[in-house]
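S.K.: Got a structure for you, entry-v3.cif, holding mmCIF, C-alpha atoms and all ligand atoms.
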data_start
#
loop_
_atom_site.group_PDB
_atom_site.id
_atom_site.type_symbol
_atom_site.label_atom_id
_atom_site.label_comp_id
_atom_site.auth_asym_id
_atom_site.auth_seq_id
_atom_site.Cartn_x
_atom_site.Cartn_y
_atom_site.Cartn_z
ATOM 1 C CA MET A 468 122.621 -106.277 39.627
ATOM 2 C CA LYS A 469 125.667 -107.319 41.611
ATOM 3 C CA SER A 470 125.125 -106.006 45.100
ATOM 4 C CA VAL A 471 123.471 -103.386 47.239
ATOM 5 C CA ASP A 472 124.900 -101.642 50.303
ATOM 6 C CA ILE A 473 122.442 -100.022 52.667
ATOM 7 C CA VAL A 474 123.059 -97.911 55.754
ATOM 8 C CA GLY A 475 120.551 -95.797 57.622
ATOM 9 C CA PHE A 476 117.766 -96.540 55.124
ATOM 10 C CA LYS A 477 114.445 -97.463 56.795
ATOM 11 C CA SER A 478 114.976 -100.471 59.089
ATOM 12 C CA PHE A 479 118.654 -100.910 58.079
ATOM 13 C CA ALA A 480 120.421 -99.050 60.887
ATOM 14 C CA GLU A 481 123.620 -101.010 60.469
ATOM 15 C CA LYS A 482 125.668 -101.389 57.320
ATOM 16 C CA THR A 483 124.099 -104.139 55.262
ATOM 17 C CA HIS A 484 125.673 -105.711 52.193
ATOM 18 C CA LEU A 485 123.574 -107.939 49.950
ATOM 19 C CA GLU A 486 125.052 -109.853 47.013
ATOM 20 C CA PHE A 487 122.926 -110.965 44.093
ATOM 21 C CA GLU A 488 123.857 -114.158 42.294
ATOM 22 C CA PRO A 489 123.095 -114.447 38.571
ATOM 23 C CA GLY A 490 119.471 -115.295 37.837
ATOM 24 C CA MET A 491 116.514 -114.588 40.030
ATOM 25 C CA THR A 492 116.721 -113.450 43.630
ATOM 26 C CA ALA A 493 114.056 -114.113 46.229
ATOM 27 C CA ILE A 494 114.007 -112.386 49.597
ATOM 28 C CA VAL A 495 112.178 -114.357 52.263
ATOM 29 C CA GLY A 496 111.493 -113.654 55.918
ATOM 30 C CA PRO A 497 108.760 -113.013 58.457
ATOM 31 C CA ASN A 498 106.328 -110.086 58.165
ATOM 32 C CA GLY A 499 107.939 -106.771 58.907
ATOM 33 C CA CYS A 500 111.547 -108.013 58.709
ATOM 34 C CA GLY A 501 112.471 -105.545 55.959
ATOM 35 C CA LYS A 502 111.963 -107.401 52.658
ATOM 36 C CA SER A 503 110.052 -104.578 50.991
ATOM 37 C CA ASN A 504 112.549 -102.092 52.441
ATOM 38 C CA VAL A 505 115.201 -103.729 50.232
ATOM 39 C CA SER A 506 113.165 -103.105 47.078
ATOM 40 C CA ASP A 507 112.358 -99.587 48.322
ATOM 41 C CA ALA A 508 116.122 -98.994 48.737
ATOM 42 C CA ILE A 509 116.763 -100.098 45.165
ATOM 43 C CA ARG A 510 114.044 -97.878 43.719
ATOM 44 C CA TRP A 511 115.206 -95.012 45.918
ATOM 45 C CA VAL A 512 118.826 -95.164 44.736
ATOM 46 C CA LEU A 513 117.557 -95.231 41.143
ATOM 47 C CA GLY A 514 116.017 -91.822 41.812
ATOM 48 C CA GLU A 515 112.475 -92.384 43.078
ATOM 49 C CA SER A 516 111.303 -89.017 44.321
ATOM 50 C CA ARG A 517 107.753 -89.817 45.389
ATOM 51 C CA ALA A 518 107.734 -90.590 49.110
ATOM 52 C CA ARG A 519 104.410 -92.351 48.709
ATOM 53 C CA ALA A 520 105.884 -94.759 46.173
ATOM 54 C CA LEU A 521 108.311 -95.690 48.940
ATOM 55 C CA ARG A 522 105.435 -96.202 51.369
ATOM 56 C CA GLY A 523 106.188 -93.077 53.394
ATOM 57 C CA ALA A 524 104.711 -89.638 53.872
ATOM 58 C CA THR A 525 107.943 -87.699 53.372
ATOM 59 C CA MET A 526 111.467 -88.580 52.256
ATOM 60 C CA GLU A 527 112.550 -88.339 55.886
ATOM 61 C CA ASP A 528 110.603 -91.546 56.476
ATOM 62 C CA CYS A 529 113.356 -93.287 54.519
ATOM 63 C CA ILE A 530 115.909 -92.478 57.219
ATOM 64 C CA PHE A 531 116.213 -94.918 60.101
ATOM 65 C CA ASN A 532 114.137 -93.417 62.882
ATOM 66 C CA GLY A 533 115.285 -95.483 65.819
ATOM 67 C CA THR A 534 114.171 -98.492 67.808
ATOM 68 C CA ASP A 535 114.303 -99.363 71.517
ATOM 69 C CA SER A 536 117.967 -100.277 71.166
ATOM 70 C CA HIS A 537 119.170 -97.899 68.437
ATOM 71 C CA LYS A 538 119.094 -94.116 68.240
ATOM 72 C CA PRO A 539 117.649 -92.518 65.081
ATOM 73 C CA LEU A 540 120.229 -91.756 62.375
ATOM 74 C CA GLY A 541 120.728 -88.497 60.521
ATOM 75 C CA MET A 542 121.490 -89.936 57.116
ATOM 76 C CA ALA A 543 120.502 -92.743 54.764
ATOM 77 C CA GLU A 544 122.793 -94.046 52.056
ATOM 78 C CA VAL A 545 122.296 -96.745 49.441
ATOM 79 C CA THR A 546 124.807 -97.915 46.824
ATOM 80 C CA LEU A 547 123.795 -100.200 43.998
ATOM 81 C CA THR A 548 126.565 -101.970 42.099
ATOM 82 C CA LEU A 549 125.903 -103.361 38.667
ATOM 83 C CA ALA A 550 128.140 -105.736 36.719
ATOM 84 C CA ASP A 551 128.309 -106.456 32.981
ATOM 85 C CA CYS A 552 127.140 -102.957 32.135
ATOM 86 C CA ASP A 553 129.215 -102.188 29.064
ATOM 87 C CA GLU A 554 126.549 -103.360 26.652
ATOM 88 C CA THR A 555 123.451 -102.068 28.402
ATOM 89 C CA LEU A 556 124.598 -98.739 29.844
ATOM 90 C CA GLU A 557 126.200 -96.153 27.595
ATOM 91 C CA ILE A 558 129.032 -95.485 29.997
ATOM 92 C CA GLY A 559 131.965 -97.541 28.688
ATOM 93 C CA LEU A 560 132.568 -99.330 31.947
ATOM 94 C CA ASN A 561 131.759 -102.850 32.938
ATOM 95 C CA GLU A 562 131.026 -102.217 36.595
ATOM 96 C CA VAL A 563 129.013 -99.216 37.679
ATOM 97 C CA SER A 564 127.987 -98.119 41.137
ATOM 98 C CA ILE A 565 125.376 -95.534 41.899
ATOM 99 C CA THR A 566 124.913 -93.960 45.301
ATOM 100 C CA ARG A 567 122.233 -91.772 46.844
ATOM 101 C CA ARG A 568 122.490 -90.089 50.203
ATOM 102 C CA VAL A 569 119.915 -88.064 52.047
ATOM 103 C CA PHE A 570 120.137 -86.050 55.265
ATOM 104 C CA ARG A 571 117.293 -84.997 57.551
ATOM 105 C CA THR A 572 117.577 -81.527 56.082
ATOM 106 C CA GLY A 573 116.051 -82.995 52.946
ATOM 107 C CA GLU A 574 118.370 -82.712 49.998
ATOM 108 C CA SER A 575 119.707 -85.807 48.247
ATOM 109 C CA ASP A 576 123.216 -86.276 46.870
ATOM 110 C CA TYR A 577 123.773 -88.628 43.950
ATOM 111 C CA PHE A 578 126.972 -90.265 42.736
ATOM 112 C CA ILE A 579 127.946 -92.393 39.749
ATOM 113 C CA ASN A 580 131.133 -94.327 40.524
ATOM 114 C CA LYS A 581 131.653 -92.044 43.542
ATOM 115 C CA LYS A 582 131.550 -88.892 41.412
ATOM 116 C CA ALA A 583 128.825 -86.417 42.326
ATOM 117 C CA CYS A 584 126.104 -86.129 39.715
ATOM 118 C CA ARG A 585 122.474 -85.080 39.360
ATOM 119 C CA ARG A 586 119.401 -87.240 39.804
ATOM 120 C CA LYS A 587 118.782 -86.661 36.137
ATOM 121 C CA ASP A 588 122.121 -88.266 35.218
ATOM 122 C CA ILE A 589 121.191 -91.442 37.054
ATOM 123 C CA GLN A 590 117.733 -91.534 35.531
ATOM 124 C CA ARG A 591 119.134 -90.972 32.070
ATOM 125 C CA LEU A 592 121.754 -93.677 32.523
ATOM 126 C CA PHE A 593 119.017 -96.226 33.121
ATOM 127 C CA MET A 594 116.412 -94.988 30.651
ATOM 128 C CA ASP A 595 115.305 -97.677 28.194
ATOM 129 C CA THR A 596 117.285 -100.347 30.022
ATOM 130 C CA GLY A 597 114.327 -101.645 31.981
ATOM 131 C CA VAL A 598 116.102 -100.797 35.244
ATOM 132 C CA GLY A 599 114.964 -97.219 36.005
ATOM 133 C CA THR A 600 112.633 -95.982 38.725
ATOM 134 C CA ASN A 601 109.497 -96.351 36.687
ATOM 135 C CA SER A 602 110.444 -99.528 34.959
ATOM 136 C CA TYR A 603 109.514 -103.113 35.482
ATOM 137 C CA SER A 604 112.699 -104.590 36.976
ATOM 138 C CA VAL A 605 111.610 -104.002 40.564
ATOM 139 C CA LEU A 606 108.022 -105.026 41.029
ATOM 140 C CA GLU A 607 106.725 -103.815 44.344
ATOM 141 C CA GLN A 608 103.468 -105.017 45.821
ATOM 142 C CA GLY A 609 100.611 -103.827 43.617
ATOM 143 C CA LYS A 610 102.731 -103.089 40.532
ATOM 144 C CA ILE A 611 101.399 -106.060 38.594
ATOM 145 C CA ASP A 612 97.855 -104.803 39.241
ATOM 146 C CA GLN A 613 98.946 -101.400 38.029
ATOM 147 C CA ILE A 614 100.326 -102.813 34.801
ATOM 148 C CA LEU A 615 97.185 -104.860 34.220
ATOM 149 C CA SER A 616 94.532 -102.363 35.130
ATOM 150 C CA SER A 617 95.887 -98.835 35.233
ATOM 151 C CA ARG A 618 95.113 -96.034 32.829
ATOM 152 C CA PRO A 619 96.126 -96.652 29.191
ATOM 153 C CA ASP A 620 98.875 -93.989 29.473
ATOM 154 C CA ASP A 621 100.517 -95.774 32.397
ATOM 155 C CA ARG A 622 100.394 -99.058 30.549
ATOM 156 C CA ARG A 623 101.833 -97.468 27.459
ATOM 157 C CA ALA A 624 104.817 -96.167 29.485
ATOM 158 C CA VAL A 625 105.728 -99.764 30.324
ATOM 159 C CA PHE A 626 105.829 -100.673 26.622
ATOM 160 C CA GLU A 627 107.754 -97.519 25.725
ATOM 161 C CA GLU A 628 110.433 -98.383 28.248
ATOM 162 C CA ALA A 629 110.611 -101.959 26.943
ATOM 163 C CA SER A 630 110.930 -100.816 23.329
ATOM 164 C CA GLY A 631 113.641 -98.289 24.144
ATOM 165 C CA ILE A 632 112.018 -94.990 23.221
ATOM 166 C CA THR A 633 111.720 -93.401 26.675
ATOM 167 C CA LYS A 634 114.996 -91.547 26.169
ATOM 168 C CA TYR A 635 113.847 -89.996 22.882
ATOM 169 C CA LYS A 636 110.574 -88.909 24.414
ATOM 170 C CA ALA A 637 112.450 -87.294 27.326
ATOM 171 C CA ASP A 638 114.751 -85.459 24.864
ATOM 172 C CA LYS A 639 111.757 -84.218 22.896
ATOM 173 C CA LYS A 640 110.023 -82.969 26.028
ATOM 174 C CA GLU A 641 113.152 -81.123 27.130
ATOM 175 C CA ALA A 642 113.702 -79.606 23.681
ATOM 176 C CA LEU A 643 110.129 -78.333 23.537
ATOM 177 C CA ARG A 644 110.535 -76.690 26.913
ATOM 178 C CA LYS A 645 113.527 -74.608 25.785
HETATM 179 P P1 LIG B 701 105.697 -107.996 54.869
HETATM 180 O O1 LIG B 701 106.029 -109.455 54.819
HETATM 181 O O2 LIG B 701 104.603 -107.692 55.816
HETATM 182 O O3 LIG B 701 105.504 -107.380 53.514
HETATM 183 P P2 LIG B 701 108.367 -106.837 54.944
HETATM 184 O O4 LIG B 701 109.441 -107.838 55.232
HETATM 185 O O5 LIG B 701 108.210 -106.418 53.516
HETATM 186 O O6 LIG B 701 106.982 -107.302 55.560
HETATM 187 P P3 LIG B 701 109.028 -104.105 55.397
HETATM 188 O O7 LIG B 701 107.793 -103.399 54.973
HETATM 189 O O8 LIG B 701 110.185 -104.126 54.438
HETATM 190 O O9 LIG B 701 108.670 -105.575 55.846
HETATM 191 O O10 LIG B 701 109.574 -103.522 56.755
HETATM 192 C C1 LIG B 701 108.724 -102.990 57.721
HETATM 193 C C2 LIG B 701 109.541 -102.626 58.923
HETATM 194 O O11 LIG B 701 110.430 -101.577 58.621
HETATM 195 C C3 LIG B 701 108.639 -102.173 60.050
HETATM 196 O O12 LIG B 701 109.027 -102.867 61.204
HETATM 197 C C4 LIG B 701 108.959 -100.707 60.187
HETATM 198 O O13 LIG B 701 108.926 -100.270 61.511
HETATM 199 C C5 LIG B 701 110.391 -100.656 59.671
HETATM 200 N N1 LIG B 701 110.705 -99.310 59.187
HETATM 201 C C6 LIG B 701 110.184 -98.658 58.118
HETATM 202 N N2 LIG B 701 110.698 -97.408 58.005
HETATM 203 C C7 LIG B 701 111.570 -97.289 59.038
HETATM 204 C C8 LIG B 701 112.402 -96.220 59.498
HETATM 205 N N3 LIG B 701 112.477 -95.039 58.864
HETATM 206 N N4 LIG B 701 113.156 -96.447 60.599
HETATM 207 C C9 LIG B 701 113.108 -97.633 61.252
HETATM 208 N N5 LIG B 701 112.345 -98.655 60.877
HETATM 209 C C10 LIG B 701 111.571 -98.498 59.800
HETATM 210 MG MG MG B 702 106.568 -106.411 52.210
#
Take the structure in this file and express it as structure tokens.
M.R.:
Amino acid sequence: MKSVDIVGFKSFAEKTHLEFEPGMTAIVGPNGCGKSNVSDAIRWVLGESRARALRGATMEDCIFNGTDSHKPLGMAEVTLTLADCDETLEIGLNEVSITRRVFRTGESDYFINKKACRRKDIQRLFMDTGVGTNSYSVLEQGKIDQILSSRPDDRRAVFEEASGITKYKADKKEALRK
């Protein structure tokens, strides 16, 4: 992960650019300053569609809804830029950016390297890489508990992603539906 650009997402009313150095990144700050909102933004741009997983009731809760000094915004946009992708992502490019945008009307737009795409394309791009929405690269509060104590099927999904077979299972499911 190289950087993330956030505007209008949750508490980030103003354009915010965060760079990640190689290795591990820790986000520190007082309660309520927006640390979890950064991990929510990353899971959101990767295609998370469950508002509850993003600690909201509806997707609209992801859009900045105003403070005493700032008016609410009509749109949220997050771009995640990844470097050194040519080996892990089957895309033939070394740097890849993915963008998601949502308006108060509800619908999301997705882009890979600024080209419009479907949510599915983003999810597929990251399947079996350990980076996708349901994977283990972003561990929100409670995720460790989930891995340790959830239903066997949920636990199995973690191992399937790690061993690289999620994509084949998704293909099989789609083929059976046709
Ligand atoms: P803690 O240390 O308690 O876990 P945190 O740094 O993880 O705190 P977050 O949960 O990321 O904090 O941020 C919470 C803040 O984000 C709250 O002040 C909340 O009002 C604000 N917030 C969440 N959604 C929105 C929104 N749609 N518009 C404006 N502010 C929002
Ligand atoms: Mg938090």
S.K.: As a quick test: using all atoms listed in the file, which residues lie no more than 10 Å away from ligand MG 702 (chain B)? Give them as a list in words.
M.R.: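 Sorted by chain and then by number, the residues are Ile494, Val495, Gly496, Pro497, Asn498, Gly499, Cys500, Gly501, Lys502, Ser503, Asn504, Val505, Ser506, Asp507, Glu607 and Gln608 of chain A.
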S.K.: Restrict the selected residues to C-alpha atoms and save them as a CSV table (one decimal), in the frame of the given file.
M.R.:
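Output below, filename part-v4.csv:
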chain,number,residue,atom,x,y,z
A,494,ILE,CA,114.0,-112.4,49.6
A,495,VAL,CA,112.2,-114.4,52.3
A,496,GLY,CA,111.5,-113.7,55.9
A,497,PRO,CA,108.8,-113.0,58.5
A,498,ASN,CA,106.3,-110.1,58.2
A,499,GLY,CA,107.9,-106.8,58.9
A,500,CYS,CA,111.5,-108.0,58.7
A,501,GLY,CA,112.5,-105.5,56.0
A,502,LYS,CA,112.0,-107.4,52.7
A,503,SER,CA,110.1,-104.6,51.0
A,504,ASN,CA,112.5,-102.1,52.4
A,505,VAL,CA,115.2,-103.7,50.2
A,506,SER,CA,113.2,-103.1,47.1
A,507,ASP,CA,112.4,-99.6,48.3
A,607,GLU,CA,106.7,-103.8,44.3
A,608,GLN,CA,103.5,-105.0,45.8
S.K.: Quick check on the file I pasted: which residues fall under the PyMOL selection byres (((chain A and resi 519-527) around 8) and not hetatm)? Write them as a list in words.
M.R.: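 When the PyMOL selection byres (((chain A and resi 519-527) around 8) and not hetatm) is applied, the selected residues are Asp507, Trp511, Glu515, Ser516, Arg517, Ala518, Asp528, Cys529, Ile530, Phe570, Arg571 and Gly573 of chain A.
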S.K.: Between A:Thr596, A:Asn580, A:Ser564, A:Ser575, which one has atoms that come closest to Ile632 (chain A), using all atoms listed in the file?
M.R.: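 Using all atoms listed in the file, Ile632 (chain A) sits closest to A:Thr596.
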S.K.: For CA of Phe578 (chain A) and CA of Asp472 (chain A), determine how far apart the two atoms are, in Å to one decimal place.
M.R.: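 Computing it gives 13.8 Å between the two atoms.
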S.K.: Using the file's own x, y and z axes, what box holds all listed atoms of ligand LIG 701 (chain B) with 8 Å on each side, keeping edges along x, y and z, and what are its centre and edge lengths in Å to one decimal, as AutoDock Vina command-line options?
M.R.:
--center_x 108.9 --center_y -102.2 --center_z 57.5 --size_x 24.6 --size_y 30.4 --size_z 24.0
S.K.: For Glu544 (chain A), which residue out of A:Leu615, A:Val569, A:Ala480, A:Ala642 is the nearest one, using only C-alpha atoms?
M.R.: A:Val569
S.K.: Of the candidates A:Gly490, A:Gly597, A:Gly559, A:Gly475, which shows the shortest atom-to-atom distance to ligand LIG 701 (chain B), using only C-alpha atoms and all ligand atoms?
M.R.: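 Smallest distance to ligand LIG 701 (chain B) is found for A:Gly475.
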S.K.: Translate the PyMOL selection byres (((chain A and resi 546) around 10) and not hetatm) into a concrete residue list for this structure, as a list in words.
M.R.: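 Taken over the shown coordinates, the PyMOL selection byres (((chain A and resi 546) around 10) and not hetatm) returns Ser470, Val471, Asp472, Ile473, Val474, His484, Ala508, Ile509, Val512, Leu513, Glu544, Val545, Leu547, Thr548, Leu549, Ser564, Ile565, Thr566, Arg567, Arg568, Tyr577, Phe578, Ile579, Asn580 and Lys581 of chain A.
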S.K.: Between CA of Phe626 (chain A) and atom O8 of ligand LIG 701 (chain B), what is the distance, to one decimal in Å?
M.R.: 28.4 Å
S.K.: Tell me which of A:Val563, A:Ala543, A:Met468, A:Met594 sits closest to Ser630 (chain A), counting all atoms listed in the file.
M.R.: A:Met594
S.K.: Hey, which of A:Phe593, A:Tyr635, A:Phe531, A:Phe487 ends up closest to ligand LIG 701 (chain B)? Count only C-alpha atoms and all ligand atoms.
M.R.: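 Closest candidate: A:Phe531.
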S.K.: Could you jot down the CA of Glu627 (chain A) to CA of Leu556 (chain A) separation for me, Å, one decimal place?
M.R.: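 Computing it gives 17.4 Å between the two atoms.
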S.K.: Between A:Asn561, A:Ser536, A:Gln590, A:Thr572, which residue has the minimum interatomic distance to Lys634 (chain A), considering only C-alpha atoms?
M.R.: A:Gln590
S.K.: Can I get N, CA and C atoms for region 534-558 of chain A, as an mmCIF file, in the first residue's frame?
M.R.:
data_model
loop_
_atom_site.group_PDB
_atom_site.id
_atom_site.type_symbol
_atom_site.label_atom_id
_atom_site.label_comp_id
_atom_site.auth_asym_id
_atom_site.auth_seq_id
_atom_site.Cartn_x
_atom_site.Cartn_y
_atom_site.Cartn_z
ATOM 1 N N THR A 534 -20.077 19.446 10.737
ATOM 2 C CA THR A 534 -19.726 19.748 12.127
ATOM 3 C C THR A 534 -20.152 21.196 12.353
ATOM 4 N N ASP A 535 -19.843 21.746 13.525
ATOM 5 C CA ASP A 535 -20.199 23.136 13.809
ATOM 6 C C ASP A 535 -19.602 24.088 12.772
ATOM 7 N N SER A 536 -18.396 23.750 12.300
ATOM 8 C CA SER A 536 -17.711 24.675 11.395
ATOM 9 C C SER A 536 -17.767 24.284 9.920
ATOM 10 N N HIS A 537 -18.204 23.076 9.617
ATOM 11 C CA HIS A 537 -18.238 22.624 8.222
ATOM 12 C C HIS A 537 -19.637 22.153 7.844
ATOM 13 N N LYS A 538 -20.060 22.522 6.648
ATOM 14 C CA LYS A 538 -21.354 22.027 6.150
ATOM 15 C C LYS A 538 -21.220 20.560 5.735
ATOM 16 N N PRO A 539 -22.322 19.801 5.771
ATOM 17 C CA PRO A 539 -22.250 18.417 5.266
ATOM 18 C C PRO A 539 -21.834 18.413 3.793
ATOM 19 N N LEU A 540 -21.224 17.321 3.339
ATOM 20 C CA LEU A 540 -20.836 17.211 1.933
ATOM 21 C C LEU A 540 -21.770 16.235 1.219
ATOM 22 N N GLY A 541 -21.790 16.335 -0.105
ATOM 23 C CA GLY A 541 -22.702 15.496 -0.875
ATOM 24 C C GLY A 541 -22.049 14.249 -1.421
ATOM 25 N N MET A 542 -20.735 14.147 -1.238
ATOM 26 C CA MET A 542 -20.017 13.038 -1.872
ATOM 27 C C MET A 542 -18.820 12.608 -1.042
ATOM 28 N N ALA A 543 -18.535 11.327 -1.047
ATOM 29 C CA ALA A 543 -17.319 10.802 -0.422
ATOM 30 C C ALA A 543 -16.491 10.125 -1.501
ATOM 31 N N GLU A 544 -15.184 10.321 -1.427
ATOM 32 C CA GLU A 544 -14.312 9.668 -2.409
ATOM 33 C C GLU A 544 -13.019 9.206 -1.742
ATOM 34 N N VAL A 545 -12.646 7.974 -2.028
ATOM 35 C CA VAL A 545 -11.398 7.427 -1.484
ATOM 36 C C VAL A 545 -10.617 6.802 -2.628
ATOM 37 N N THR A 546 -9.311 7.097 -2.697
ATOM 38 C CA THR A 546 -8.437 6.464 -3.679
ATOM 39 C C THR A 546 -7.304 5.775 -2.942
ATOM 40 N N LEU A 547 -7.103 4.522 -3.266
ATOM 41 C CA LEU A 547 -6.023 3.750 -2.662
ATOM 42 C C LEU A 547 -4.995 3.481 -3.752
ATOM 43 N N THR A 548 -3.739 3.834 -3.485
ATOM 44 C CA THR A 548 -2.691 3.599 -4.476
ATOM 45 C C THR A 548 -1.746 2.525 -3.962
ATOM 46 N N LEU A 549 -1.528 1.544 -4.803
ATOM 47 C CA LEU A 549 -0.662 0.430 -4.424
ATOM 48 C C LEU A 549 0.558 0.399 -5.331
ATOM 49 N N ALA A 550 1.728 0.132 -4.736
ATOM 50 C CA ALA A 550 2.956 0.045 -5.520
ATOM 51 C C ALA A 550 3.410 -1.405 -5.568
ATOM 52 N N ASP A 551 4.344 -1.705 -6.442
ATOM 53 C CA ASP A 551 4.894 -3.062 -6.575
ATOM 54 C C ASP A 551 3.805 -4.108 -6.771
ATOM 55 N N CYS A 552 2.907 -3.827 -7.701
ATOM 56 C CA CYS A 552 1.755 -4.718 -7.889
ATOM 57 C C CYS A 552 1.984 -5.776 -8.946
ATOM 58 N N ASP A 553 3.036 -5.617 -9.786
ATOM 59 C CA ASP A 553 3.065 -6.485 -10.970
ATOM 60 C C ASP A 553 3.136 -7.966 -10.647
ATOM 61 N N GLU A 554 3.645 -8.315 -9.469
ATOM 62 C CA GLU A 554 3.687 -9.743 -9.153
ATOM 63 C C GLU A 554 2.419 -10.233 -8.467
ATOM 64 N N THR A 555 1.804 -9.359 -7.670
ATOM 65 C CA THR A 555 0.660 -9.829 -6.882
ATOM 66 C C THR A 555 -0.675 -9.653 -7.593
ATOM 67 N N LEU A 556 -0.818 -8.587 -8.382
ATOM 68 C CA LEU A 556 -2.096 -8.365 -9.059
ATOM 69 C C LEU A 556 -1.924 -8.725 -10.529
ATOM 70 N N GLU A 557 -2.909 -9.431 -11.079
ATOM 71 C CA GLU A 557 -2.785 -9.828 -12.480
ATOM 72 C C GLU A 557 -3.247 -8.682 -13.371
ATOM 73 N N ILE A 558 -2.458 -7.631 -13.420
ATOM 74 C CA ILE A 558 -2.910 -6.447 -14.152
ATOM 75 C C ILE A 558 -1.803 -5.902 -15.049
#
